[in-house]
file structure.cif (mmCIF, C-alpha atoms (C1' of nucleotides))
data_start
#
loop_
_atom_site.label_atom_id
_atom_site.label_comp_id
_atom_site.auth_asym_id
_atom_site.auth_seq_id
_atom_site.Cartn_x
_atom_site.Cartn_y
_atom_site.Cartn_z
CA MET F 1 79.38 87.45 108.85
CA ALA F 2 82.47 87.91 106.80
CA THR F 3 83.88 84.95 104.97
CA ALA F 4 87.54 85.36 104.14
CA ALA F 5 88.30 87.86 106.86
CA ALA F 6 88.92 85.10 109.36
CA ALA F 7 91.69 83.81 107.12
CA CYS F 8 93.62 87.00 107.79
CA CYS F 9 92.56 89.18 110.65
CA ALA F 10 89.62 90.79 112.30
CA PRO F 11 87.82 93.47 110.25
CA LEU F 12 88.51 97.08 111.16
CA GLY F 13 84.82 97.73 111.45
CA SER F 14 83.96 94.91 113.85
CA ALA F 15 81.89 95.82 116.87
CA SER F 16 84.74 95.91 119.34
CA LEU F 17 88.25 94.83 118.55
CA SER F 18 90.11 93.10 121.37
CA ASP F 19 93.73 93.93 122.04
CA THR F 20 94.77 90.57 120.64
CA GLU F 21 92.78 91.12 117.46
CA ALA F 22 94.22 94.58 117.03
CA GLU F 23 97.72 93.17 117.35
CA ALA F 24 97.03 90.46 114.80
CA THR F 25 95.67 92.97 112.34
CA ALA F 26 98.57 95.33 112.89
CA ARG F 27 101.00 92.46 112.30
CA VAL F 28 99.68 91.96 108.78
CA PHE F 29 99.84 95.67 108.03
CA LYS F 30 103.37 95.78 109.39
CA ALA F 31 104.37 93.13 106.89
CA LEU F 32 103.28 95.47 104.12
CA ALA F 33 104.70 98.60 105.72
CA ASP F 34 107.87 98.56 103.64
CA PRO F 35 108.25 99.69 100.02
CA HIS F 36 110.36 96.69 99.08
CA ARG F 37 107.85 94.25 100.49
CA VAL F 38 105.05 96.06 98.69
CA LYS F 39 106.99 95.61 95.51
CA ILE F 40 107.56 91.93 96.23
CA VAL F 41 103.82 91.42 96.61
CA ASN F 42 103.24 93.41 93.44
CA LEU F 43 105.74 91.31 91.51
CA LEU F 44 104.08 88.14 92.71
CA ALA F 45 100.60 89.48 92.06
CA THR F 46 101.46 90.18 88.44
CA SER F 47 103.28 86.91 87.90
CA PRO F 48 101.28 83.79 87.06
CA ASP F 49 103.96 81.45 88.44
CA SER F 50 105.94 81.41 91.64
CA VAL F 51 109.19 83.33 91.64
CA CYS F 52 112.58 82.23 92.94
CA VAL F 53 114.66 84.37 95.28
CA CYS F 54 117.31 85.11 92.71
CA GLU F 55 114.75 86.89 90.54
CA PHE F 56 113.96 89.46 93.22
CA THR F 57 117.37 90.94 93.90
CA GLU F 58 117.74 92.75 90.60
CA PRO F 59 114.34 94.53 90.40
CA LEU F 60 114.52 95.40 94.09
CA GLY F 61 118.14 96.53 94.09
CA LEU F 62 118.81 94.68 97.33
CA SER F 63 121.33 92.11 98.45
CA GLN F 64 120.33 88.48 98.68
CA PRO F 65 120.27 88.32 102.51
CA THR F 66 118.00 91.36 102.63
CA VAL F 67 115.62 89.82 100.11
CA SER F 68 115.48 86.63 102.18
CA HIS F 69 114.76 88.76 105.22
CA HIS F 70 111.77 90.42 103.57
CA LEU F 71 110.43 87.19 102.14
CA LYS F 72 110.59 85.59 105.56
CA LYS F 73 108.53 88.40 107.05
CA LEU F 74 105.88 88.07 104.38
CA VAL F 75 105.68 84.32 104.89
CA ALA F 76 105.41 84.80 108.65
CA ALA F 77 102.50 87.16 108.06
CA GLY F 78 100.76 84.48 106.03
CA LEU F 79 100.86 86.45 102.80
CA LEU F 80 103.38 84.31 100.92
CA GLU F 81 104.05 80.64 100.48
CA ARG F 82 107.46 79.03 100.15
CA GLU F 83 108.22 76.00 98.06
CA GLN F 84 111.59 74.34 97.67
CA ARG F 85 112.47 72.94 94.26
CA GLY F 86 115.91 71.39 94.35
CA THR F 87 118.41 74.12 95.09
CA TRP F 88 115.95 76.90 94.49
CA ALA F 89 113.30 78.39 96.73
CA TYR F 90 110.14 79.59 95.03
CA TYR F 91 107.70 82.04 96.54
CA SER F 92 104.09 82.59 95.58
CA LEU F 93 101.32 84.91 96.70
CA ARG F 94 98.55 83.62 98.95
CA ARG F 95 95.78 85.43 97.17
CA ASP F 96 93.19 84.23 99.66
CA ALA F 97 95.08 85.97 102.48
CA LEU F 98 95.24 89.18 100.50
CA GLY F 99 91.53 88.86 99.81
CA GLY F 100 90.96 88.44 103.52
CA LEU F 101 92.88 91.60 104.21
CA ALA F 102 90.84 93.49 101.64
CA ALA F 103 87.68 92.27 103.33
CA ALA F 104 88.99 93.31 106.73
CA VAL F 105 89.70 96.83 105.51
CA ASP F 106 86.39 97.21 103.70
CA LEU F 107 83.92 98.75 106.12
CA GLN F 108 80.97 97.99 103.85
CA GLY F 109 81.24 94.25 103.42
CA GLY F 110 83.62 93.18 106.14
CA SER F 111 81.63 94.27 109.14
CA ARG F 112 78.29 95.98 109.01
CA MET V 1 89.81 100.66 86.05
CA ALA V 2 89.55 101.17 89.74
CA THR V 3 87.64 104.13 91.08
CA ALA V 4 88.54 104.92 94.66
CA ALA V 5 92.02 103.43 94.59
CA ALA V 6 93.51 106.69 93.37
CA ALA V 7 92.22 108.38 96.51
CA CYS V 8 94.60 106.26 98.55
CA CYS V 9 97.40 104.51 96.78
CA ALA V 10 98.28 102.38 93.82
CA PRO V 11 96.71 98.90 93.82
CA LEU V 12 98.96 95.97 94.72
CA GLY V 13 97.98 94.23 91.53
CA SER V 14 98.76 97.04 89.10
CA ALA V 15 100.82 96.13 86.06
CA SER V 16 104.07 97.51 87.36
CA LEU V 17 104.43 99.52 90.51
CA SER V 18 107.00 102.31 90.41
CA ASP V 19 109.28 102.90 93.36
CA THR V 20 107.34 106.05 94.20
CA GLU V 21 104.03 104.23 94.11
CA ALA V 22 105.38 101.43 96.27
CA GLU V 23 106.55 103.98 98.82
CA ALA V 24 103.18 105.71 98.87
CA THR V 25 101.37 102.43 99.37
CA ALA V 26 103.77 101.34 102.10
CA ARG V 27 103.25 104.66 103.87
CA VAL V 28 99.54 103.96 104.28
CA PHE V 29 100.19 100.45 105.53
CA LYS V 30 102.77 101.81 107.95
CA ALA V 31 100.12 104.07 109.42
CA LEU V 32 98.10 100.96 110.31
CA ALA V 33 101.10 98.90 111.41
CA ASP V 34 100.53 99.58 115.09
CA PRO V 35 97.97 97.93 117.36
CA HIS V 36 96.99 101.20 118.98
CA ARG V 37 96.39 102.88 115.66
CA VAL V 38 94.36 99.90 114.48
CA LYS V 39 92.23 100.31 117.58
CA ILE V 40 91.83 104.03 116.94
CA VAL V 41 90.52 103.31 113.47
CA ASN V 42 88.25 100.64 114.89
CA LEU V 43 86.88 103.02 117.51
CA LEU V 44 86.18 105.62 114.85
CA ALA V 45 84.69 103.07 112.48
CA THR V 46 82.17 101.98 115.07
CA SER V 47 81.34 105.51 116.19
CA PRO V 48 78.77 107.52 114.24
CA ASP V 49 80.21 110.86 115.40
CA SER V 50 83.73 112.20 115.55
CA VAL V 51 85.67 111.55 118.73
CA CYS V 52 87.75 113.98 120.78
CA VAL V 53 91.28 113.19 121.92
CA CYS V 54 90.36 112.85 125.57
CA GLU V 55 88.10 109.91 124.74
CA PHE V 56 90.94 107.84 123.34
CA THR V 57 93.36 107.77 126.24
CA GLU V 58 91.29 105.55 128.49
CA PRO V 59 90.37 102.72 126.06
CA LEU V 60 93.90 102.75 124.65
CA GLY V 61 95.69 102.94 127.97
CA LEU V 62 98.11 105.52 126.62
CA SER V 63 99.20 108.96 127.72
CA GLN V 64 97.76 112.00 126.01
CA PRO V 65 100.96 112.92 124.11
CA THR V 66 101.21 109.40 122.74
CA VAL V 67 97.61 109.49 121.58
CA SER V 68 98.25 112.80 119.82
CA HIS V 69 101.29 111.23 118.19
CA HIS V 70 99.27 108.35 116.75
CA LEU V 71 96.44 110.59 115.63
CA LYS V 72 98.88 112.80 113.80
CA LYS V 73 100.30 109.82 111.93
CA LEU V 74 96.86 108.69 110.86
CA VAL V 75 95.95 112.18 109.67
CA ALA V 76 99.23 112.41 107.75
CA ALA V 77 98.38 109.15 106.02
CA GLY V 78 95.05 110.60 104.95
CA LEU V 79 93.00 108.15 106.97
CA LEU V 80 91.65 110.58 109.56
CA GLU V 81 90.29 114.10 109.59
CA ARG V 82 90.80 116.65 112.31
CA GLU V 83 88.31 119.28 113.34
CA GLN V 84 88.74 121.87 116.06
CA ARG V 85 85.73 122.75 118.17
CA GLY V 86 86.65 125.31 120.74
CA THR V 87 89.18 123.82 123.10
CA TRP V 88 88.61 120.30 121.83
CA ALA V 89 89.98 118.52 118.80
CA TYR V 90 87.68 116.01 117.17
CA TYR V 91 88.82 113.25 114.87
CA SER V 92 86.79 111.30 112.36
CA LEU V 93 87.43 108.47 109.94
CA ARG V 94 87.83 109.18 106.25
CA ARG V 95 85.84 106.23 105.08
CA ASP V 96 86.55 106.97 101.44
CA ALA V 97 90.27 106.58 102.09
CA LEU V 98 89.73 103.29 103.83
CA GLY V 99 87.60 102.18 100.91
CA GLY V 100 90.41 103.15 98.57
CA LEU V 101 92.81 101.07 100.57
CA ALA V 102 90.47 98.09 100.42
CA ALA V 103 90.28 98.49 96.66
CA ALA V 104 94.06 98.70 96.41
CA VAL V 105 94.49 95.47 98.33
CA ASP V 106 91.77 93.62 96.44
CA LEU V 107 93.40 91.88 93.50
CA GLN V 108 90.04 91.13 91.88
CA GLY V 109 88.57 94.57 91.52
CA GLY V 110 91.52 96.87 91.97
CA SER V 111 93.66 95.69 89.11
CA ARG V 112 92.60 92.91 86.83
"C1'" DA D 1 135.12 63.50 97.57
"C1'" DT D 2 135.46 68.08 95.90
"C1'" DC D 3 133.70 72.16 93.88
"C1'" DT D 4 130.01 75.28 92.80
"C1'" DT D 5 125.73 77.55 93.51
"C1'" DG D 6 121.35 79.17 95.74
"C1'" DG D 7 119.56 80.57 99.92
"C1'" DA D 8 119.14 81.03 105.00
"C1'" DT D 9 121.29 82.55 109.31
"C1'" DC D 10 124.46 85.38 112.12
"C1'" DG D 11 126.54 89.63 113.85
"C1'" DA D 12 127.00 94.39 113.52
"C1'" DT D 13 125.31 98.97 112.51
"C1'" DA D 14 122.51 102.87 111.54
"C1'" DT D 15 118.00 104.42 111.39
"C1'" DT D 16 113.32 104.62 112.63
"C1'" DC D 17 109.78 104.56 116.02
"C1'" DA D 18 106.76 104.26 120.30
"C1'" DT D 19 106.45 106.16 124.66
"C1'" DC D 20 106.23 109.59 128.28
"C1'" DG D 21 107.28 113.75 131.25
"C1'" DA D 22 107.77 118.53 130.73
"C1'" DT D 23 106.56 122.46 128.40
"C1'" DG D 24 104.04 125.65 125.45
"C1'" DC D 25 99.81 127.46 123.64
"C1'" DA D 26 95.09 128.69 122.75
"C1'" DG D 27 90.36 129.08 124.30
"C1'" DG D 28 86.90 129.75 127.84
"C1'" DG D 29 85.49 131.01 132.20
"C1'" DA D 30 85.66 133.86 136.66
"C1'" DT H 1 93.46 140.01 134.02
"C1'" DC H 2 94.38 135.46 135.81
"C1'" DC H 3 93.49 130.69 136.07
"C1'" DC H 4 92.15 126.26 134.25
"C1'" DT H 5 91.74 122.82 130.76
"C1'" DG H 6 92.58 120.31 126.41
"C1'" DC H 7 95.92 119.39 123.10
"C1'" DA H 8 100.25 119.78 120.40
"C1'" DT H 9 105.22 119.96 120.47
"C1'" DC H 10 109.83 119.07 122.42
"C1'" DG H 11 113.56 116.22 124.26
"C1'" DA H 12 115.06 111.96 125.82
"C1'" DT H 13 115.15 107.00 125.89
"C1'" DG H 14 114.63 102.26 124.93
"C1'" DA H 15 113.12 98.99 121.49
"C1'" DA H 16 112.40 97.44 116.83
"C1'" DT H 17 114.00 97.21 112.10
"C1'" DA H 18 116.38 97.46 107.50
"C1'" DT H 19 120.64 96.53 105.56
"C1'" DC H 20 124.82 94.08 104.33
"C1'" DG H 21 129.15 91.23 104.64
"C1'" DA H 22 130.53 86.90 106.28
"C1'" DT H 23 129.36 82.39 107.11
"C1'" DC H 24 126.94 78.07 106.93
"C1'" DC H 25 124.21 74.53 104.82
"C1'" DA H 26 122.12 71.64 101.28
"C1'" DA H 27 121.87 70.05 96.61
"C1'" DG H 28 123.86 69.04 92.05
"C1'" DA H 29 127.62 68.32 89.06
"C1'" DT H 30 132.16 66.78 87.88
#
call {"tool": "encode", "arguments": {"input": "structure.cif", "output": "structure tokens"}}
result
Amino acid sequence: MATAAAACCAPLGSASLSDTEAEATARVFKALADPHRVKIVNLLATSPDSVCVCEFTEPLGLSQPTVSHHLKKLVAAGLLEREQRGTWAYYSLRRDALGGLAAAVDLQGGSR
Amino acid sequence: MATAAAACCAPLGSASLSDTEAEATARVFKALADPHRVKIVNLLATSPDSVCVCEFTEPLGLSQPTVSHHLKKLVAAGLLEREQRGTWAYYSLRRDALGGLAAAVDLQGGSR
DNA sequence: ATCTTGGATCGATATTCATCGATGCAGGGA
DNA sequence: TCCCTGCATCGATGAATATCGATCCAAGAT
């Protein structure tokens, strides 16, 4: 049985995916189905510390409300974590969730 | 360095993702950002042979044009392969592409 | 208390997308 | 040749989404 896959979504190679499982899996993919959100994840993946909202707007070339919108979607998908420090909001990558997604996509380890 | 990641898209953990790379990666995720397409991939992943279009409509509960629409998106993303056999069109899973995606998502192997 | 600043929410808008009926098209009989 | 069948494309429609300006709220600082 897979280990981290349950932390994210059902593996693509599982015997028979229920409609609910397919929806849950699609929801995680949908969170990553935007270039800006891919870049957010990439920025967080390459940063050792959490990053505050104000540091995203410039590399993304987006307004602050739009950045908040994308961050909210990634948090809702379980891929990011939010932490408030005084006036600032810091976001960090949930690397276990990303690992779970990788396991769910991998047909070799995730299912068979 | 990663091996199969290039066959799909740039890894999420790469040093610095360009806008073009982020778009390419998001495009693959977008192909899987639909419950019906997730189920199509799951059906193909659990089937040893390729599957013809007519076999998808019933388990998906979709009309034939809609199924063709989804299949076309998955082929365009490089995840499926199409083969014509007489009157029928058979689709199969490109398991190497899915493996490449898994490698791109995996922060351990894909980038570090 | 007032001002400033960071960030979330709201409202509006333009674009993308999923879905299906109708149609077109190619291949295989009869 | 004509019909039938499987599949792709077209056109239309309703829903979801990305984006931003304006606004609101909370937390410090003066």
call {"tool": "atom_distance", "arguments": {"input": "structure.cif", "atom1": "C1' of DG11 (chain D)", "atom2": "C1' of DG14 (chain H)"}}
result
20.6 Å
call {"tool": "resolve_selection", "arguments": {"input": "structure.cif", "expression": "the PyMOL selection byres ((chain V and resi 80-91) around 12)", "output": "PyMOL selection string"}}
result
(chain V and resi 28+31-32+37+40-45+47-56+67-68+70-79+92-98) or (chain D and resi 25-28) or (chain H and resi 4-8)
call {"tool": "write_last_selection", "arguments": {"input": "structure.cif", "atoms": "C-alpha atoms (C1' of nucleotides)", "output": "mmCIF file, in the coordinates of the input"}}
result
data_model
loop_
_atom_site.group_PDB
_atom_site.id
_atom_site.type_symbol
_atom_site.label_atom_id
_atom_site.label_comp_id
_atom_site.auth_asym_id
_atom_site.auth_seq_id
_atom_site.Cartn_x
_atom_site.Cartn_y
_atom_site.Cartn_z
ATOM 1 C CA VAL V 28 99.540 103.960 104.280
ATOM 2 C CA ALA V 31 100.120 104.070 109.420
ATOM 3 C CA LEU V 32 98.100 100.960 110.310
ATOM 4 C CA ARG V 37 96.390 102.880 115.660
ATOM 5 C CA ILE V 40 91.830 104.030 116.940
ATOM 6 C CA VAL V 41 90.520 103.310 113.470
ATOM 7 C CA ASN V 42 88.250 100.640 114.890
ATOM 8 C CA LEU V 43 86.880 103.020 117.510
ATOM 9 C CA LEU V 44 86.180 105.620 114.850
ATOM 10 C CA ALA V 45 84.690 103.070 112.480
ATOM 11 C CA SER V 47 81.340 105.510 116.190
ATOM 12 C CA PRO V 48 78.770 107.520 114.240
ATOM 13 C CA ASP V 49 80.210 110.860 115.400
ATOM 14 C CA SER V 50 83.730 112.200 115.550
ATOM 15 C CA VAL V 51 85.670 111.550 118.730
ATOM 16 C CA CYS V 52 87.750 113.980 120.780
ATOM 17 C CA VAL V 53 91.280 113.190 121.920
ATOM 18 C CA CYS V 54 90.360 112.850 125.570
ATOM 19 C CA GLU V 55 88.100 109.910 124.740
ATOM 20 C CA PHE V 56 90.940 107.840 123.340
ATOM 21 C CA VAL V 67 97.610 109.490 121.580
ATOM 22 C CA SER V 68 98.250 112.800 119.820
ATOM 23 C CA HIS V 70 99.270 108.350 116.750
ATOM 24 C CA LEU V 71 96.440 110.590 115.630
ATOM 25 C CA LYS V 72 98.880 112.800 113.800
ATOM 26 C CA LYS V 73 100.300 109.820 111.930
ATOM 27 C CA LEU V 74 96.860 108.690 110.860
ATOM 28 C CA VAL V 75 95.950 112.180 109.670
ATOM 29 C CA ALA V 76 99.230 112.410 107.750
ATOM 30 C CA ALA V 77 98.380 109.150 106.020
ATOM 31 C CA GLY V 78 95.050 110.600 104.950
ATOM 32 C CA LEU V 79 93.000 108.150 106.970
ATOM 33 C CA SER V 92 86.790 111.300 112.360
ATOM 34 C CA LEU V 93 87.430 108.470 109.940
ATOM 35 C CA ARG V 94 87.830 109.180 106.250
ATOM 36 C CA ARG V 95 85.840 106.230 105.080
ATOM 37 C CA ASP V 96 86.550 106.970 101.440
ATOM 38 C CA ALA V 97 90.270 106.580 102.090
ATOM 39 C CA LEU V 98 89.730 103.290 103.830
ATOM 40 C "C1'" DC D 25 99.810 127.460 123.640
ATOM 41 C "C1'" DA D 26 95.090 128.690 122.750
ATOM 42 C "C1'" DG D 27 90.360 129.080 124.300
ATOM 43 C "C1'" DG D 28 86.900 129.750 127.840
ATOM 44 C "C1'" DC H 4 92.150 126.260 134.250
ATOM 45 C "C1'" DT H 5 91.740 122.820 130.760
ATOM 46 C "C1'" DG H 6 92.580 120.310 126.410
ATOM 47 C "C1'" DC H 7 95.920 119.390 123.100
ATOM 48 C "C1'" DA H 8 100.250 119.780 120.400
#
call {"tool": "axis_aligned_box", "arguments": {"input": "structure.cif", "around": "region 4-23 of chain H", "padding_each_side": "4 Å", "output": "lines of an AutoDock Vina configuration file"}}
result
center_x = 111.1
center_y = 104.3
center_z = 119.3
size_x = 46.8
size_y = 51.9
size_z = 37.9
call {"tool": "resolve_selection", "arguments": {"input": "structure.cif", "expression": "the PyMOL selection byres ((chain V) within 9 of (chain F))", "output": "VMD selection string"}}
result
chain V and resid 11 to 39 41 to 46 95 98 to 108
call {"tool": "write_last_selection", "arguments": {"input": "structure.cif", "atoms": "C-alpha atoms", "output": "compact mmCIF listing (two decimals), keeping the file's coordinate frame"}}
result
# COMPACT_ATOMS: atom_id res chain seq x y z
CA PRO V 11 96.71 98.90 93.82
CA LEU V 12 98.96 95.97 94.72
CA GLY V 13 97.98 94.23 91.53
CA SER V 14 98.76 97.04 89.10
CA ALA V 15 100.82 96.13 86.06
CA SER V 16 104.07 97.51 87.36
CA LEU V 17 104.43 99.52 90.51
CA SER V 18 107.00 102.31 90.41
CA ASP V 19 109.28 102.90 93.36
CA THR V 20 107.34 106.05 94.20
CA GLU V 21 104.03 104.23 94.11
CA ALA V 22 105.38 101.43 96.27
CA GLU V 23 106.55 103.98 98.82
CA ALA V 24 103.18 105.71 98.87
CA THR V 25 101.37 102.43 99.37
CA ALA V 26 103.77 101.34 102.10
CA ARG V 27 103.25 104.66 103.87
CA VAL V 28 99.54 103.96 104.28
CA PHE V 29 100.19 100.45 105.53
CA LYS V 30 102.77 101.81 107.95
CA ALA V 31 100.12 104.07 109.42
CA LEU V 32 98.10 100.96 110.31
CA ALA V 33 101.10 98.90 111.41
CA ASP V 34 100.53 99.58 115.09
CA PRO V 35 97.97 97.93 117.36
CA HIS V 36 96.99 101.20 118.98
CA ARG V 37 96.39 102.88 115.66
CA VAL V 38 94.36 99.90 114.48
CA LYS V 39 92.23 100.31 117.58
CA VAL V 41 90.52 103.31 113.47
CA ASN V 42 88.25 100.64 114.89
CA LEU V 43 86.88 103.02 117.51
CA LEU V 44 86.18 105.62 114.85
CA ALA V 45 84.69 103.07 112.48
CA THR V 46 82.17 101.98 115.07
CA ARG V 95 85.84 106.23 105.08
CA LEU V 98 89.73 103.29 103.83
CA GLY V 99 87.60 102.18 100.91
CA GLY V 100 90.41 103.15 98.57
CA LEU V 101 92.81 101.07 100.57
CA ALA V 102 90.47 98.09 100.42
CA ALA V 103 90.28 98.49 96.66
CA ALA V 104 94.06 98.70 96.41
CA VAL V 105 94.49 95.47 98.33
CA ASP V 106 91.77 93.62 96.44
CA LEU V 107 93.40 91.88 93.50
CA GLN V 108 90.04 91.13 91.88
call {"tool": "closest_residue", "arguments": {"input": "structure.cif", "among": "H:DT23, H:DG28, H:DC10, H:DT1", "to": "chain F", "atoms": "only C-alpha atoms (C1' of nucleotides)"}}
result
H:DG28
call {"tool": "resolve_selection", "arguments": {"input": "structure.cif", "expression": "the PyMOL selection byres ((chain H) within 12 of (chain F))", "output": "ChimeraX atom specification"}}
result
/H:16-23,25-28
call {"tool": "atom_distance", "arguments": {"input": "structure.cif", "atom1": "C1' of DT9 (chain H)", "atom2": "C1' of DG24 (chain D)"}}
result
7.7 Å
call {"tool": "atom_distance", "arguments": {"input": "structure.cif", "atom1": "C1' of DC20 (chain D)", "atom2": "CA of Glu58 (chain V)"}}
result
15.5 Å
call {"tool": "build_atoms", "arguments": {"input": "structure.cif", "residues": "region 34-62 of chain V", "atoms": "N, CA and C atoms", "output": "short mmCIF file (atom, residue, chain, number, x, y, z; two decimals), keeping the file's coordinate frame"}}
result
data_model
loop_
_atom_site.label_atom_id
_atom_site.label_comp_id
_atom_site.auth_asym_id
_atom_site.auth_seq_id
_atom_site.Cartn_x
_atom_site.Cartn_y
_atom_site.Cartn_z
N ASP V 34 100.40 99.43 113.64
CA ASP V 34 100.53 99.58 115.09
C ASP V 34 99.20 99.23 115.74
N PRO V 35 99.22 98.38 116.73
CA PRO V 35 97.97 97.93 117.36
C PRO V 35 97.12 99.08 117.88
N HIS V 36 97.76 100.08 118.44
CA HIS V 36 96.99 101.20 118.98
C HIS V 36 96.31 101.99 117.87
N ARG V 37 97.00 102.15 116.78
CA ARG V 37 96.39 102.88 115.66
C ARG V 37 95.28 102.07 115.02
N VAL V 38 95.44 100.75 114.97
CA VAL V 38 94.36 99.90 114.48
C VAL V 38 93.13 100.08 115.37
N LYS V 39 93.35 100.16 116.65
CA LYS V 39 92.23 100.31 117.58
C LYS V 39 91.58 101.69 117.44
N ILE V 40 92.39 102.70 117.18
CA ILE V 40 91.83 104.03 116.94
C ILE V 40 90.90 104.01 115.75
N VAL V 41 91.35 103.40 114.67
CA VAL V 41 90.52 103.31 113.47
C VAL V 41 89.26 102.51 113.77
N ASN V 42 89.40 101.45 114.55
CA ASN V 42 88.25 100.64 114.89
C ASN V 42 87.25 101.43 115.73
N LEU V 43 87.77 102.20 116.67
CA LEU V 43 86.88 103.02 117.51
C LEU V 43 86.13 104.03 116.66
N LEU V 44 86.83 104.63 115.71
CA LEU V 44 86.18 105.62 114.85
C LEU V 44 85.21 104.96 113.88
N ALA V 45 85.55 103.76 113.44
CA ALA V 45 84.69 103.07 112.48
C ALA V 45 83.37 102.68 113.11
N THR V 46 83.40 102.41 114.39
CA THR V 46 82.17 101.98 115.07
C THR V 46 81.45 103.14 115.75
N SER V 47 82.00 104.36 115.61
CA SER V 47 81.34 105.51 116.19
C SER V 47 80.71 106.36 115.09
N PRO V 48 79.44 106.73 115.27
CA PRO V 48 78.77 107.52 114.24
C PRO V 48 79.29 108.96 114.20
N ASP V 49 79.73 109.48 115.35
CA ASP V 49 80.21 110.86 115.40
C ASP V 49 81.73 110.88 115.52
N SER V 50 82.29 112.06 115.35
CA SER V 50 83.73 112.20 115.55
C SER V 50 84.03 112.14 117.05
N VAL V 51 85.28 111.83 117.35
CA VAL V 51 85.67 111.55 118.73
C VAL V 51 86.79 112.52 119.12
N CYS V 52 86.72 113.05 120.34
CA CYS V 52 87.75 113.98 120.78
C CYS V 52 88.90 113.22 121.43
N VAL V 53 90.05 113.85 121.48
CA VAL V 53 91.28 113.19 121.92
C VAL V 53 91.12 112.57 123.30
N CYS V 54 90.46 113.31 124.19
CA CYS V 54 90.36 112.85 125.57
C CYS V 54 89.62 111.53 125.69
N GLU V 55 88.85 111.16 124.67
CA GLU V 55 88.10 109.91 124.74
C GLU V 55 88.91 108.70 124.30
N PHE V 56 90.12 108.96 123.81
CA PHE V 56 90.94 107.84 123.34
C PHE V 56 91.86 107.30 124.43
N THR V 57 92.32 108.18 125.29
CA THR V 57 93.36 107.77 126.24
C THR V 57 92.93 106.59 127.11
N GLU V 58 91.71 106.61 127.57
CA GLU V 58 91.29 105.55 128.49
C GLU V 58 91.18 104.19 127.80
N PRO V 59 90.45 104.06 126.69
CA PRO V 59 90.37 102.72 126.06
C PRO V 59 91.71 102.25 125.51
N LEU V 60 92.61 103.17 125.19
CA LEU V 60 93.90 102.75 124.65
C LEU V 60 94.92 102.48 125.74
N GLY V 61 94.72 103.10 126.89
CA GLY V 61 95.69 102.94 127.97
C GLY V 61 97.00 103.64 127.67
N LEU V 62 96.90 104.78 127.00
CA LEU V 62 98.11 105.52 126.62
C LEU V 62 98.03 106.94 127.17
#
